[in-house]
Amino acid sequence: MHYQIQVPNAHPAGIARIFSPYDGKFAGSVETIDSAGAEQALKNMMAVFRDRRHGLPAHERIGILERAALLIQERSEQLIMLAVAEGGKPYIDIHVELIRAIEGIKICIDCIHTERGSEIPMQLNPASMNRLAFTHREPIGPVVAVSAFNHPLNLIVHQVGPAIASGCPVIIKPAKETPLSAFALVEIFHEAGLPKA
């Protein structure tokens, strides 16, 4: 299995070959980028964030997350075997991690439904008479998801899910030991409707 970089205007710097720490078998490979490619990824992400016309409304973010959860469930065996191959953890541990990842996505969907701004009490003094004040939640900005190796599925979901739910563009920097799971999840999110940008 080979994954290619998904950074527009960045060129691959090399290929990382991933071997199982359990038995040393080849698990797959991913293209890598250098510091110039990372800088390009950050510039791309800032451009996406600044162009508010392409922001995803809540109903689209909910749909993306719902479809991603279904795709992860449908491909659970493939994802588990990939994570086992690259990380060397037992099947049962990765199975539990995958269930937690799906639950994490469902929590993000719930947050979109329930998180909201609030009304700020006014009319409490002469200066606030005939005034209305409230808060409104908005995306804070780009997210860089730097993941650890020990839970390659769940930790990516814990970072990417809330970014999508909040409407923030996100870049993933997977752990060098377990990048295959991150690339597989990125493909799932794109297939679920998340724009590649």
# chains A, B, ... in the order shown; residues from 1 in each chain; ligands from 1
>>> select_by_dssp(residues="chain A", states="strand (DSSP E)", output="PDB file with N, CA and C atoms, in the first residue's frame")
ATOM      1  N   HIS A   2       0.605   2.153  -0.909  1.00  0.00           N
ATOM      2  CA  HIS A   2       1.394   3.382  -1.011  1.00  0.00           C
ATOM      3  C   HIS A   2       0.442   4.573  -1.023  1.00  0.00           C
ATOM      4  N   TYR A   3       0.730   5.554  -0.181  1.00  0.00           N
ATOM      5  CA  TYR A   3      -0.077   6.767  -0.126  1.00  0.00           C
ATOM      6  C   TYR A   3       0.739   7.943  -0.635  1.00  0.00           C
ATOM      7  N   GLY A  14      10.440  12.585  -0.544  1.00  0.00           N
ATOM      8  CA  GLY A  14      10.946  11.228  -0.453  1.00  0.00           C
ATOM      9  C   GLY A  14       9.831  10.255  -0.163  1.00  0.00           C
ATOM     10  N   ILE A  15      10.229   9.037   0.092  1.00  0.00           N
ATOM     11  CA  ILE A  15       9.281   7.966   0.414  1.00  0.00           C
ATOM     12  C   ILE A  15       9.678   7.387   1.770  1.00  0.00           C
ATOM     13  N   ALA A  16       8.700   7.278   2.662  1.00  0.00           N
ATOM     14  CA  ALA A  16       8.933   6.622   3.948  1.00  0.00           C
ATOM     15  C   ALA A  16       8.358   5.214   3.846  1.00  0.00           C
ATOM     16  N   ARG A  17       9.190   4.234   4.098  1.00  0.00           N
ATOM     17  CA  ARG A  17       8.764   2.838   4.085  1.00  0.00           C
ATOM     18  C   ARG A  17       8.489   2.427   5.526  1.00  0.00           C
ATOM     19  N   ILE A  18       7.323   1.840   5.756  1.00  0.00           N
ATOM     20  CA  ILE A  18       6.881   1.492   7.100  1.00  0.00           C
ATOM     21  C   ILE A  18       6.964  -0.026   7.279  1.00  0.00           C
ATOM     22  N   PHE A  19       7.630  -0.439   8.356  1.00  0.00           N
ATOM     23  CA  PHE A  19       7.776  -1.855   8.678  1.00  0.00           C
ATOM     24  C   PHE A  19       7.159  -2.122  10.048  1.00  0.00           C
ATOM     25  N   PHE A  26       7.114  -5.541   5.784  1.00  0.00           N
ATOM     26  CA  PHE A  26       6.768  -4.283   5.122  1.00  0.00           C
ATOM     27  C   PHE A  26       5.265  -4.052   5.230  1.00  0.00           C
ATOM     28  N   ALA A  27       4.856  -2.884   5.720  1.00  0.00           N
ATOM     29  CA  ALA A  27       3.435  -2.567   5.893  1.00  0.00           C
ATOM     30  C   ALA A  27       2.914  -1.624   4.817  1.00  0.00           C
ATOM     31  N   GLY A  28       3.776  -0.775   4.281  1.00  0.00           N
ATOM     32  CA  GLY A  28       3.360   0.184   3.267  1.00  0.00           C
ATOM     33  C   GLY A  28       4.334   1.334   3.193  1.00  0.00           C
ATOM     34  N   SER A  29       3.986   2.311   2.351  1.00  0.00           N
ATOM     35  CA  SER A  29       4.859   3.479   2.206  1.00  0.00           C
ATOM     36  C   SER A  29       4.016   4.732   2.002  1.00  0.00           C
ATOM     37  N   VAL A  30       4.612   5.858   2.339  1.00  0.00           N
ATOM     38  CA  VAL A  30       3.967   7.158   2.153  1.00  0.00           C
ATOM     39  C   VAL A  30       4.979   8.144   1.592  1.00  0.00           C
ATOM     40  N   GLU A  31       4.492   9.054   0.776  1.00  0.00           N
ATOM     41  CA  GLU A  31       5.342  10.142   0.323  1.00  0.00           C
ATOM     42  C   GLU A  31       5.492  11.130   1.468  1.00  0.00           C
ATOM     43  N   THR A  32       6.646  11.765   1.530  1.00  0.00           N
ATOM     44  CA  THR A  32       6.909  12.766   2.564  1.00  0.00           C
ATOM     45  C   THR A  32       7.164  14.123   1.899  1.00  0.00           C
ATOM     46  N   GLU A 119     -27.087  34.278  25.268  1.00  0.00           N
ATOM     47  CA  GLU A 119     -27.488  35.665  25.457  1.00  0.00           C
ATOM     48  C   GLU A 119     -26.797  36.204  26.704  1.00  0.00           C
ATOM     49  N   ILE A 120     -26.320  37.434  26.608  1.00  0.00           N
ATOM     50  CA  ILE A 120     -25.663  38.087  27.731  1.00  0.00           C
ATOM     51  C   ILE A 120     -26.683  39.022  28.387  1.00  0.00           C
ATOM     52  N   ALA A 133     -27.252  41.706  23.658  1.00  0.00           N
ATOM     53  CA  ALA A 133     -25.905  41.171  23.487  1.00  0.00           C
ATOM     54  C   ALA A 133     -25.966  39.647  23.495  1.00  0.00           C
ATOM     55  N   PHE A 134     -25.183  39.052  22.628  1.00  0.00           N
ATOM     56  CA  PHE A 134     -25.136  37.590  22.565  1.00  0.00           C
ATOM     57  C   PHE A 134     -23.793  37.157  21.990  1.00  0.00           C
ATOM     58  N   VAL A 143      -6.109  24.300  12.060  1.00  0.00           N
ATOM     59  CA  VAL A 143      -5.686  23.327  13.063  1.00  0.00           C
ATOM     60  C   VAL A 143      -4.577  22.468  12.471  1.00  0.00           C
ATOM     61  N   VAL A 144      -3.498  22.310  13.213  1.00  0.00           N
ATOM     62  CA  VAL A 144      -2.449  21.368  12.836  1.00  0.00           C
ATOM     63  C   VAL A 144      -2.543  20.196  13.798  1.00  0.00           C
ATOM     64  N   ALA A 145      -2.936  19.050  13.276  1.00  0.00           N
ATOM     65  CA  ALA A 145      -3.123  17.844  14.087  1.00  0.00           C
ATOM     66  C   ALA A 145      -1.835  17.029  14.049  1.00  0.00           C
ATOM     67  N   VAL A 146      -1.093  17.059  15.139  1.00  0.00           N
ATOM     68  CA  VAL A 146       0.147  16.296  15.256  1.00  0.00           C
ATOM     69  C   VAL A 146      -0.170  15.054  16.078  1.00  0.00           C
ATOM     70  N   VAL A 170      -7.883  21.768   8.478  1.00  0.00           N
ATOM     71  CA  VAL A 170      -6.974  20.967   9.296  1.00  0.00           C
ATOM     72  C   VAL A 170      -5.911  20.300   8.428  1.00  0.00           C
ATOM     73  N   ILE A 171      -4.709  20.239   8.969  1.00  0.00           N
ATOM     74  CA  ILE A 171      -3.593  19.498   8.375  1.00  0.00           C
ATOM     75  C   ILE A 171      -3.215  18.419   9.382  1.00  0.00           C
ATOM     76  N   ILE A 172      -2.925  17.228   8.870  1.00  0.00           N
ATOM     77  CA  ILE A 172      -2.481  16.150   9.739  1.00  0.00           C
ATOM     78  C   ILE A 172      -0.991  15.926   9.537  1.00  0.00           C
ATOM     79  N   LYS A 173      -0.278  15.863  10.641  1.00  0.00           N
ATOM     80  CA  LYS A 173       1.119  15.435  10.642  1.00  0.00           C
ATOM     81  C   LYS A 173       1.129  14.129  11.427  1.00  0.00           C
TER      82      LYS A 173
END
>>> residues_around(residues="Pro57 (chain A)", least_positions_apart="4", cutoff="9 Å", atoms="only C-alpha atoms", output="compact mmCIF listing (two decimals) with N, CA and C atoms, in the first residue's frame")
# COMPACT_ATOMS: atom_id res chain seq x y z
N ARG A 61 -21.17 19.76 7.46
CA ARG A 61 -20.20 19.16 8.38
C ARG A 61 -20.80 17.93 9.07
N ILE A 62 -22.06 18.02 9.45
CA ILE A 62 -22.74 16.86 10.05
C ILE A 62 -22.76 15.71 9.05
N GLY A 167 -15.60 23.70 11.92
CA GLY A 167 -15.46 24.42 10.66
C GLY A 167 -14.06 24.94 10.42
>>> closest_residue(among="A:Ile94, A:Ile105, A:Leu124, A:Ala197", to="Asp51 (chain A)", atoms="only C-alpha atoms")
A:Ala197
>>> select_by_dssp(residues="region 1-156 of chain A", states="alpha helix (DSSP H)", output="PyMOL selection string")
chain A and resi 35-50+58-74+76-87+91-114+154-156
>>> write_last_selection(atoms="C-alpha atoms", output="PDB file, in the first residue's frame")
ATOM      1  CA  SER A  35      10.091  21.969   5.281  1.00  0.00           C
ATOM      2  CA  ALA A  36       9.171  23.876   2.095  1.00  0.00           C
ATOM      3  CA  GLY A  37       6.274  21.466   1.565  1.00  0.00           C
ATOM      4  CA  ALA A  38       5.150  21.933   5.166  1.00  0.00           C
ATOM      5  CA  GLU A  39       5.292  25.702   4.706  1.00  0.00           C
ATOM      6  CA  GLN A  40       3.203  25.348   1.528  1.00  0.00           C
ATOM      7  CA  ALA A  41       0.641  23.235   3.406  1.00  0.00           C
ATOM      8  CA  LEU A  42       0.334  25.933   6.073  1.00  0.00           C
ATOM      9  CA  LYS A  43      -0.082  28.648   3.418  1.00  0.00           C
ATOM     10  CA  ASN A  44      -2.741  26.576   1.659  1.00  0.00           C
ATOM     11  CA  MET A  45      -4.613  26.087   4.917  1.00  0.00           C
ATOM     12  CA  MET A  46      -4.512  29.805   5.771  1.00  0.00           C
ATOM     13  CA  ALA A  47      -5.863  30.642   2.316  1.00  0.00           C
ATOM     14  CA  VAL A  48      -8.750  28.213   2.846  1.00  0.00           C
ATOM     15  CA  PHE A  49      -9.506  29.714   6.260  1.00  0.00           C
ATOM     16  CA  ARG A  50      -9.437  33.302   4.978  1.00  0.00           C
ATOM     17  CA  ALA A  58     -23.230  22.964   9.882  1.00  0.00           C
ATOM     18  CA  HIS A  59     -25.486  20.583   7.944  1.00  0.00           C
ATOM     19  CA  GLU A  60     -22.657  19.757   5.527  1.00  0.00           C
ATOM     20  CA  ARG A  61     -20.201  19.162   8.382  1.00  0.00           C
ATOM     21  CA  ILE A  62     -22.739  16.862  10.049  1.00  0.00           C
ATOM     22  CA  GLY A  63     -23.182  14.934   6.789  1.00  0.00           C
ATOM     23  CA  ILE A  64     -19.419  14.556   6.320  1.00  0.00           C
ATOM     24  CA  LEU A  65     -18.949  13.263   9.848  1.00  0.00           C
ATOM     25  CA  GLU A  66     -21.925  10.883   9.576  1.00  0.00           C
ATOM     26  CA  ARG A  67     -20.630   9.455   6.298  1.00  0.00           C
ATOM     27  CA  ALA A  68     -17.090   9.182   7.697  1.00  0.00           C
ATOM     28  CA  ALA A  69     -18.358   7.213  10.714  1.00  0.00           C
ATOM     29  CA  LEU A  70     -20.223   4.836   8.404  1.00  0.00           C
ATOM     30  CA  LEU A  71     -17.203   4.371   6.135  1.00  0.00           C
ATOM     31  CA  ILE A  72     -14.945   3.686   9.108  1.00  0.00           C
ATOM     32  CA  GLN A  73     -17.460   1.109  10.345  1.00  0.00           C
ATOM     33  CA  GLU A  74     -17.722  -0.500   6.891  1.00  0.00           C
ATOM     34  CA  SER A  76     -13.214  -1.518  10.129  1.00  0.00           C
ATOM     35  CA  GLU A  77     -11.444  -4.779   9.337  1.00  0.00           C
ATOM     36  CA  GLN A  78      -9.163  -3.102   6.757  1.00  0.00           C
ATOM     37  CA  LEU A  79      -8.358  -0.225   9.121  1.00  0.00           C
ATOM     38  CA  ILE A  80      -7.674  -2.571  12.016  1.00  0.00           C
ATOM     39  CA  MET A  81      -5.346  -4.758   9.954  1.00  0.00           C
ATOM     40  CA  LEU A  82      -3.518  -1.676   8.641  1.00  0.00           C
ATOM     41  CA  ALA A  83      -3.011  -0.318  12.152  1.00  0.00           C
ATOM     42  CA  VAL A  84      -1.896  -3.736  13.398  1.00  0.00           C
ATOM     43  CA  ALA A  85       0.599  -4.039  10.530  1.00  0.00           C
ATOM     44  CA  GLU A  86       2.191  -0.636  11.038  1.00  0.00           C
ATOM     45  CA  GLY A  87       2.019  -0.357  14.823  1.00  0.00           C
ATOM     46  CA  TYR A  91      -5.858  -6.878  17.090  1.00  0.00           C
ATOM     47  CA  ILE A  92      -8.126  -6.521  20.140  1.00  0.00           C
ATOM     48  CA  ASP A  93      -6.453  -3.247  21.161  1.00  0.00           C
ATOM     49  CA  ILE A  94      -6.908  -1.740  17.703  1.00  0.00           C
ATOM     50  CA  HIS A  95     -10.499  -2.995  17.581  1.00  0.00           C
ATOM     51  CA  VAL A  96     -11.275  -1.114  20.810  1.00  0.00           C
ATOM     52  CA  GLU A  97      -9.479   1.945  19.405  1.00  0.00           C
ATOM     53  CA  LEU A  98     -11.575   1.855  16.237  1.00  0.00           C
ATOM     54  CA  ILE A  99     -14.814   1.704  18.242  1.00  0.00           C
ATOM     55  CA  ARG A 100     -13.626   4.708  20.265  1.00  0.00           C
ATOM     56  CA  ALA A 101     -12.814   6.566  17.023  1.00  0.00           C
ATOM     57  CA  ILE A 102     -16.345   6.032  15.711  1.00  0.00           C
ATOM     58  CA  GLU A 103     -17.787   7.177  19.045  1.00  0.00           C
ATOM     59  CA  GLY A 104     -15.516  10.244  18.880  1.00  0.00           C
ATOM     60  CA  ILE A 105     -16.999  11.205  15.526  1.00  0.00           C
ATOM     61  CA  LYS A 106     -20.522  10.764  16.913  1.00  0.00           C
ATOM     62  CA  ILE A 107     -19.649  13.058  19.828  1.00  0.00           C
ATOM     63  CA  CYS A 108     -18.474  15.684  17.326  1.00  0.00           C
ATOM     64  CA  ILE A 109     -21.821  15.430  15.517  1.00  0.00           C
ATOM     65  CA  ASP A 110     -23.641  15.863  18.839  1.00  0.00           C
ATOM     66  CA  CYS A 111     -21.553  18.954  19.572  1.00  0.00           C
ATOM     67  CA  ILE A 112     -22.633  20.562  16.309  1.00  0.00           C
ATOM     68  CA  HIS A 113     -26.250  19.955  17.327  1.00  0.00           C
ATOM     69  CA  THR A 114     -25.906  21.249  20.884  1.00  0.00           C
ATOM     70  CA  ASN A 154      -8.292   7.247  17.569  1.00  0.00           C
ATOM     71  CA  LEU A 155      -5.854  10.125  18.067  1.00  0.00           C
ATOM     72  CA  ILE A 156      -6.319  11.371  14.505  1.00  0.00           C
TER      73      ILE A 156
END
>>> atom_distance(atom1="CA of Ile140 (chain A)", atom2="CA of Lys196 (chain A)")
19.7 Å
>>> residues_around(residues="Arg116 (chain A)", least_positions_apart="5", cutoff="9 Å", atoms="only C-alpha atoms", output="list in words")
Cys111, Thr135, His136 and Arg137 of chain A
>>> write_last_selection(atoms="C-alpha atoms", output="PDB file, in the first residue's frame")
ATOM      1  CA  CYS A 111     -21.553  18.954  19.572  1.00  0.00           C
ATOM      2  CA  THR A 135     -22.258  35.331  21.641  1.00  0.00           C
ATOM      3  CA  HIS A 136     -21.930  33.413  18.400  1.00  0.00           C
ATOM      4  CA  ARG A 137     -19.491  30.527  17.896  1.00  0.00           C
TER       5      ARG A 137
END
>>> atom_distance(atom1="CA of Lys25 (chain A)", atom2="CA of Asn150 (chain A)")
18.5 Å
>>> residues_around(residues="Ala148 (chain A)", least_positions_apart="5", cutoff="9 Å", atoms="only C-alpha atoms", output="ChimeraX atom specification")
/A:155-156,174-178
>>> closest_residue(among="A:His11, A:His190, A:His54, A:Lys89", to="Pro152 (chain A)", atoms="only C-alpha atoms")
A:Lys89
>>> atom_distance(atom1="CA of Leu56 (chain A)", atom2="CA of Pro139 (chain A)")
10.5 Å
>>> decode(residues="region 42-120 of chain A", atoms="C-alpha atoms", output="short mmCIF file (atom, residue, chain, number, x, y, z; two decimals), in the first residue's frame")
data_model
loop_
_atom_site.label_atom_id
_atom_site.label_comp_id
_atom_site.auth_asym_id
_atom_site.auth_seq_id
_atom_site.Cartn_x
_atom_site.Cartn_y
_atom_site.Cartn_z
CA LEU A 42 0.33 25.93 6.07
CA LYS A 43 -0.08 28.65 3.42
CA ASN A 44 -2.74 26.58 1.66
CA MET A 45 -4.61 26.09 4.92
CA MET A 46 -4.51 29.81 5.77
CA ALA A 47 -5.86 30.64 2.32
CA VAL A 48 -8.75 28.21 2.85
CA PHE A 49 -9.51 29.71 6.26
CA ARG A 50 -9.44 33.30 4.98
CA ASP A 51 -11.78 32.51 2.09
CA ARG A 52 -14.97 32.38 4.14
CA ARG A 53 -17.08 31.76 1.02
CA HIS A 54 -15.90 28.15 1.06
CA GLY A 55 -16.72 27.53 4.72
CA LEU A 56 -18.87 24.48 5.30
CA PRO A 57 -22.28 25.09 6.88
CA ALA A 58 -23.23 22.96 9.88
CA HIS A 59 -25.49 20.58 7.94
CA GLU A 60 -22.66 19.76 5.53
CA ARG A 61 -20.20 19.16 8.38
CA ILE A 62 -22.74 16.86 10.05
CA GLY A 63 -23.18 14.93 6.79
CA ILE A 64 -19.42 14.56 6.32
CA LEU A 65 -18.95 13.26 9.85
CA GLU A 66 -21.92 10.88 9.58
CA ARG A 67 -20.63 9.46 6.30
CA ALA A 68 -17.09 9.18 7.70
CA ALA A 69 -18.36 7.21 10.71
CA LEU A 70 -20.22 4.84 8.40
CA LEU A 71 -17.20 4.37 6.14
CA ILE A 72 -14.95 3.69 9.11
CA GLN A 73 -17.46 1.11 10.35
CA GLU A 74 -17.72 -0.50 6.89
CA ARG A 75 -13.94 -0.65 6.53
CA SER A 76 -13.21 -1.52 10.13
CA GLU A 77 -11.44 -4.78 9.34
CA GLN A 78 -9.16 -3.10 6.76
CA LEU A 79 -8.36 -0.22 9.12
CA ILE A 80 -7.67 -2.57 12.02
CA MET A 81 -5.35 -4.76 9.95
CA LEU A 82 -3.52 -1.68 8.64
CA ALA A 83 -3.01 -0.32 12.15
CA VAL A 84 -1.90 -3.74 13.40
CA ALA A 85 0.60 -4.04 10.53
CA GLU A 86 2.19 -0.64 11.04
CA GLY A 87 2.02 -0.36 14.82
CA GLY A 88 2.46 -3.95 15.94
CA LYS A 89 -0.34 -3.72 18.54
CA PRO A 90 -2.68 -6.66 19.16
CA TYR A 91 -5.86 -6.88 17.09
CA ILE A 92 -8.13 -6.52 20.14
CA ASP A 93 -6.45 -3.25 21.16
CA ILE A 94 -6.91 -1.74 17.70
CA HIS A 95 -10.50 -2.99 17.58
CA VAL A 96 -11.28 -1.11 20.81
CA GLU A 97 -9.48 1.94 19.40
CA LEU A 98 -11.57 1.85 16.24
CA ILE A 99 -14.81 1.70 18.24
CA ARG A 100 -13.63 4.71 20.27
CA ALA A 101 -12.81 6.57 17.02
CA ILE A 102 -16.35 6.03 15.71
CA GLU A 103 -17.79 7.18 19.04
CA GLY A 104 -15.52 10.24 18.88
CA ILE A 105 -17.00 11.21 15.53
CA LYS A 106 -20.52 10.76 16.91
CA ILE A 107 -19.65 13.06 19.83
CA CYS A 108 -18.47 15.68 17.33
CA ILE A 109 -21.82 15.43 15.52
CA ASP A 110 -23.64 15.86 18.84
CA CYS A 111 -21.55 18.95 19.57
CA ILE A 112 -22.63 20.56 16.31
CA HIS A 113 -26.25 19.95 17.33
CA THR A 114 -25.91 21.25 20.88
CA GLU A 115 -23.15 23.86 21.01
CA ARG A 116 -24.43 27.38 20.61
CA GLY A 117 -23.84 30.90 21.71
CA SER A 118 -25.64 32.51 24.60
CA GLU A 119 -27.49 35.66 25.46
CA ILE A 120 -25.66 38.09 27.73
#
